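Reading through the structure tokens given below for one structure.
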Amino acid sequence: MRIAIPTMILATLPVIVSACEGECIVGITNAYIGNYTDPVNTFLEQLVNEVVTKVLPNRRYASPPINLIQPIVTAYQKTAYKNLETAIFPSYFHGKCQQPNPDDPDGPWVNPPGCPNPDCNVVCGTPGSMVHFFPKLRYLAFNAIRKQLVESTTPGSEAYQAMEKMVIREAGGPKNRKRAAGTLMPALRREEQAKGQFKEVMHQTSSIMERICGGTGNGKTNGLPKCSWEKAMKEFILSYP
């Protein structure tokens, strides 16, 4: 099962700018959205499989029912770009890199060596800064994507409620009653059980994403090797002046 998520891997052409702004911001954000297409699809597949296995064990499907996951897909498509752009740029990489000139402290500020490109050791809004602090950039992107998915799978969210409603309807069957352990289970009891099982599955969102990317989002474990794209991303970032 593959979910229709926009794919824009390293596809935006650069324009001349003095820092990462405008098309540079759009291009890098879209590159990460595109790069995360496969990990997010894998997450969605695993999530719906968990729902079918643990909440709908008595139902028979030739393939996982894609419609059950659609509310999560819709929520992701609606806000993923905005959340990711905000996490990377206004929240961390922004502003100029200039510092006081050690040879002329009272004169105009200057760019440190390597700034704006290719390797700037000052946190600022330039491609060189993103390359130098790429480990931080990698975690910013991962945590923004994970946060979006966690919010969508948290009880009370619009996506969670919509998906829960569909799952409960599936769990109930034609007459809203199911057989369990050889006896008829009243509809209300079955519904409450299904809601509890569904909540447990949704609670796995963060850990599923960590397994898919091969680490954690705290910057201390494994470095997210499956969600890094370091070489390609550094080259792409430096294609912007």
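If you're wondering about the labels, chains in the structure tokens are A, B, ... by order shown, residues count from 1 in each chain, ligands from 1 in order shown.
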
Can you list, as a ChimeraX atom specification, every protein, DNA or RNA residue that comes within 10 Å of Lys195 (chain A) when you count only C-alpha atoms, leaving out same-chain residues fewer than 5 positions away? /A:55,164-165,167-168,171,189-190,200-201

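The protein and nucleic acid residues lying at most 12 Å from Ile208 (chain A) are Pro39, Val40, Asn41, Thr42, Phe43, Leu44, Glu45, Gln46, Leu47, Val48, Glu50, Arg146, Leu149, Val150, Val201, Met202, His203, Gln204, Thr205, Arg211, Ile212, Cys213, Gly214, Gly215 and Thr216 of chain A, with only C-alpha atoms considered and sequence neighbours fewer than 3 positions away removed.
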
Preceding selection exported with C-alpha atoms as a PDB file, in the first residue's frame:
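And here is the file that came out, again.pdb:
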ATOM      1  CA  PRO A  39       9.538   6.794   5.708  1.00  0.00           C
ATOM      2  CA  VAL A  40       6.080   8.322   6.170  1.00  0.00           C
ATOM      3  CA  ASN A  41       4.525   5.800   3.787  1.00  0.00           C
ATOM      4  CA  THR A  42       6.210   3.002   5.722  1.00  0.00           C
ATOM      5  CA  PHE A  43       4.859   4.455   8.958  1.00  0.00           C
ATOM      6  CA  LEU A  44       1.319   4.621   7.559  1.00  0.00           C
ATOM      7  CA  GLU A  45       1.518   1.035   6.326  1.00  0.00           C
ATOM      8  CA  GLN A  46       2.763  -0.220   9.682  1.00  0.00           C
ATOM      9  CA  LEU A  47       0.152   1.788  11.561  1.00  0.00           C
ATOM     10  CA  VAL A  48      -2.808   0.494   9.562  1.00  0.00           C
ATOM     11  CA  GLU A  50      -1.262  -2.691  13.576  1.00  0.00           C
ATOM     12  CA  ARG A 146       7.366  13.037  13.892  1.00  0.00           C
ATOM     13  CA  LEU A 149       2.316  12.527  12.959  1.00  0.00           C
ATOM     14  CA  VAL A 150       2.093  12.317  16.751  1.00  0.00           C
ATOM     15  CA  VAL A 201      -1.874   1.441  18.582  1.00  0.00           C
ATOM     16  CA  MET A 202      -1.932   5.195  17.968  1.00  0.00           C
ATOM     17  CA  HIS A 203       0.348   5.694  20.966  1.00  0.00           C
ATOM     18  CA  GLN A 204       3.083   3.822  19.063  1.00  0.00           C
ATOM     19  CA  THR A 205       3.526   6.597  16.474  1.00  0.00           C
ATOM     20  CA  ARG A 211      12.507   2.445  14.298  1.00  0.00           C
ATOM     21  CA  ILE A 212      11.975   3.418  10.673  1.00  0.00           C
ATOM     22  CA  CYS A 213      14.695   6.086  10.812  1.00  0.00           C
ATOM     23  CA  GLY A 214      17.066   4.006  12.928  1.00  0.00           C
ATOM     24  CA  GLY A 215      17.445   6.090  16.064  1.00  0.00           C
ATOM     25  CA  THR A 216      15.756   8.634  18.282  1.00  0.00           C
TER      26      THR A 216
END

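Distance annotation: of A:Thr37, A:Cys20, A:Ala75, A:Leu188, the residue with the minimal separation from Phe89 (chain A) is A:Cys20; atom set is only C-alpha atoms.
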
Any idea what's packed within 12 Å of Thr79 (chain A), counting only C-alpha atoms, ignoring anything in its chain fewer than 3 positions away? Could you give it as a PDB file with N, CA and C atoms, in the first residue's frame?
ATOM      1  N   ILE A  33      10.489  17.225   2.648  1.00  0.00           N
ATOM      2  CA  ILE A  33       9.165  16.614   2.502  1.00  0.00           C
ATOM      3  C   ILE A  33       9.255  15.437   1.536  1.00  0.00           C
ATOM      4  N   ILE A  72      -5.280  10.588   8.643  1.00  0.00           N
ATOM      5  CA  ILE A  72      -3.900  10.905   9.009  1.00  0.00           C
ATOM      6  C   ILE A  72      -3.163  11.476   7.802  1.00  0.00           C
ATOM      7  N   VAL A  73      -3.406  10.891   6.631  1.00  0.00           N
ATOM      8  CA  VAL A  73      -2.783  11.381   5.401  1.00  0.00           C
ATOM      9  C   VAL A  73      -3.212  12.819   5.122  1.00  0.00           C
ATOM     10  N   THR A  74      -4.498  13.082   5.248  1.00  0.00           N
ATOM     11  CA  THR A  74      -5.025  14.422   4.978  1.00  0.00           C
ATOM     12  C   THR A  74      -4.419  15.453   5.917  1.00  0.00           C
ATOM     13  N   ALA A  75      -4.342  15.117   7.196  1.00  0.00           N
ATOM     14  CA  ALA A  75      -3.763  16.044   8.177  1.00  0.00           C
ATOM     15  C   ALA A  75      -2.294  16.306   7.878  1.00  0.00           C
ATOM     16  N   TYR A  76      -1.571  15.264   7.496  1.00  0.00           N
ATOM     17  CA  TYR A  76      -0.147  15.413   7.181  1.00  0.00           C
ATOM     18  C   TYR A  76       0.046  16.311   5.967  1.00  0.00           C
ATOM     19  N   LYS A  82       4.290  23.524   6.332  1.00  0.00           N
ATOM     20  CA  LYS A  82       4.371  24.698   7.202  1.00  0.00           C
ATOM     21  C   LYS A  82       5.124  24.380   8.487  1.00  0.00           C
ATOM     22  N   ASN A  83       4.810  23.247   9.098  1.00  0.00           N
ATOM     23  CA  ASN A  83       5.470  22.877  10.351  1.00  0.00           C
ATOM     24  C   ASN A  83       6.963  22.642  10.151  1.00  0.00           C
ATOM     25  N   LEU A  84       7.325  22.012   9.039  1.00  0.00           N
ATOM     26  CA  LEU A  84       8.728  21.721   8.779  1.00  0.00           C
ATOM     27  C   LEU A  84       9.508  22.996   8.490  1.00  0.00           C
ATOM     28  N   GLU A  85       8.946  23.867   7.675  1.00  0.00           N
ATOM     29  CA  GLU A  85       9.629  25.125   7.372  1.00  0.00           C
ATOM     30  C   GLU A  85       9.856  25.940   8.643  1.00  0.00           C
ATOM     31  N   THR A  86       8.842  26.005   9.491  1.00  0.00           N
ATOM     32  CA  THR A  86       8.962  26.765  10.736  1.00  0.00           C
ATOM     33  C   THR A  86      10.025  26.170  11.650  1.00  0.00           C
ATOM     34  N   ALA A 144      10.231  17.458  13.448  1.00  0.00           N
ATOM     35  CA  ALA A 144       9.073  18.166  12.908  1.00  0.00           C
ATOM     36  C   ALA A 144       8.099  17.193  12.255  1.00  0.00           C
ATOM     37  N   ILE A 145       8.632  16.241  11.483  1.00  0.00           N
ATOM     38  CA  ILE A 145       7.778  15.240  10.841  1.00  0.00           C
ATOM     39  C   ILE A 145       7.123  14.350  11.888  1.00  0.00           C
ATOM     40  N   LYS A 147       6.562  15.015  15.052  1.00  0.00           N
ATOM     41  CA  LYS A 147       5.601  15.798  15.837  1.00  0.00           C
ATOM     42  C   LYS A 147       4.270  15.917  15.097  1.00  0.00           C
ATOM     43  N   GLN A 148       4.348  16.146  13.796  1.00  0.00           N
ATOM     44  CA  GLN A 148       3.134  16.243  12.995  1.00  0.00           C
ATOM     45  C   GLN A 148       2.329  14.949  13.070  1.00  0.00           C
ATOM     46  N   LEU A 149       3.003  13.815  12.930  1.00  0.00           N
ATOM     47  CA  LEU A 149       2.316  12.527  12.959  1.00  0.00           C
ATOM     48  C   LEU A 149       1.779  12.206  14.353  1.00  0.00           C
ATOM     49  N   GLU A 151       0.840  14.395  16.618  1.00  0.00           N
ATOM     50  CA  GLU A 151      -0.329  15.243  16.857  1.00  0.00           C
ATOM     51  C   GLU A 151      -1.568  14.689  16.162  1.00  0.00           C
ATOM     52  N   SER A 152      -1.381  14.136  14.973  1.00  0.00           N
ATOM     53  CA  SER A 152      -2.519  13.599  14.223  1.00  0.00           C
ATOM     54  C   SER A 152      -3.046  12.301  14.823  1.00  0.00           C
TER      55      SER A 152
END

How far is it from CA of Glu23 (chain A) to CA of Gly95 (chain A), in Å with one decimal? 16.0 Å

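Between CA of Asp119 (chain A) and CA of Ser239 (chain A) the separation is 13.0 Å.
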
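As for CA of Arg169 (chain A) and CA of Ala80 (chain A), they are spaced 28.4 Å apart.
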
Residues at most 9 Å from region 109-116 of chain A, counting only C-alpha atoms, excluding those fewer than 3 positions away in the same chain, as a PyMOL selection string? chain A and resi 18-19+96-101+104-106+119-122+124-129+241

Those residues you just picked out, can you put them in a file as a compact mmCIF listing (two decimals), in the first residue's frame with C-alpha atoms?
# COMPACT_ATOMS: atom_id res chain seq x y z
CA SER A 18 22.48 36.48 0.15
CA ALA A 19 21.12 33.95 2.64
CA LYS A 96 22.92 37.00 9.17
CA CYS A 97 26.25 35.48 10.16
CA GLN A 98 28.25 38.68 10.58
CA GLN A 99 30.37 39.14 13.68
CA PRO A 100 32.67 41.94 14.89
CA ASN A 101 35.84 42.17 12.83
CA ASP A 104 38.66 46.37 13.32
CA PRO A 105 36.39 45.97 16.37
CA ASP A 106 34.75 49.35 15.82
CA ASP A 119 31.04 25.61 5.96
CA CYS A 120 29.94 28.30 8.40
CA ASN A 121 30.41 27.61 12.11
CA VAL A 122 27.92 30.30 13.12
CA CYS A 124 22.56 31.71 10.95
CA GLY A 125 20.31 31.58 7.92
CA THR A 126 22.86 30.58 5.29
CA PRO A 127 23.51 27.35 3.38
CA GLY A 128 27.00 27.06 4.89
CA SER A 129 25.56 27.19 8.39
CA PRO A 241 24.60 30.86 -2.92

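Take the candidates A:Lys234, A:His94, A:Lys199, A:Arg59 and check each one against Gln161 (chain A) using only C-alpha atoms; the shortest distance goes to A:Lys199.
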
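In this comparison, which uses only C-alpha atoms, the residue of A:Glu170, A:Met233, A:Asn49, A:Gly27 approaching Met130 (chain A) most closely is A:Met233.
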
When DSSP works through the backbone of this structure, what residues of region 80-208 of chain A end up as strand (DSSP E), shown as a tab-separated table (two decimals) with N, CA and C atoms, in the first residue's frame?
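Result saved to part32.tsv:
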chain	number	residue	atom	x	y	z
A	178	LYS	N	-20.03	-8.46	17.63
A	178	LYS	CA	-18.99	-9.38	17.19
A	178	LYS	C	-18.92	-10.56	18.15
A	179	ARG	N	-18.48	-11.69	17.61
A	179	ARG	CA	-18.24	-12.83	18.48
A	179	ARG	C	-16.85	-12.71	19.09
A	180	ALA	N	-16.73	-12.97	20.36
A	180	ALA	CA	-15.44	-12.95	21.04
A	180	ALA	C	-15.41	-14.10	22.04
A	183	THR	N	-18.60	-16.22	22.45
A	183	THR	CA	-19.86	-15.64	22.95
A	183	THR	C	-20.14	-14.35	22.22
A	184	LEU	N	-21.38	-13.91	22.27
A	184	LEU	CA	-21.74	-12.62	21.69
A	184	LEU	C	-21.37	-11.51	22.66
A	185	MET	N	-20.59	-10.58	22.19
A	185	MET	CA	-20.18	-9.46	23.03
A	185	MET	C	-21.11	-8.28	22.75
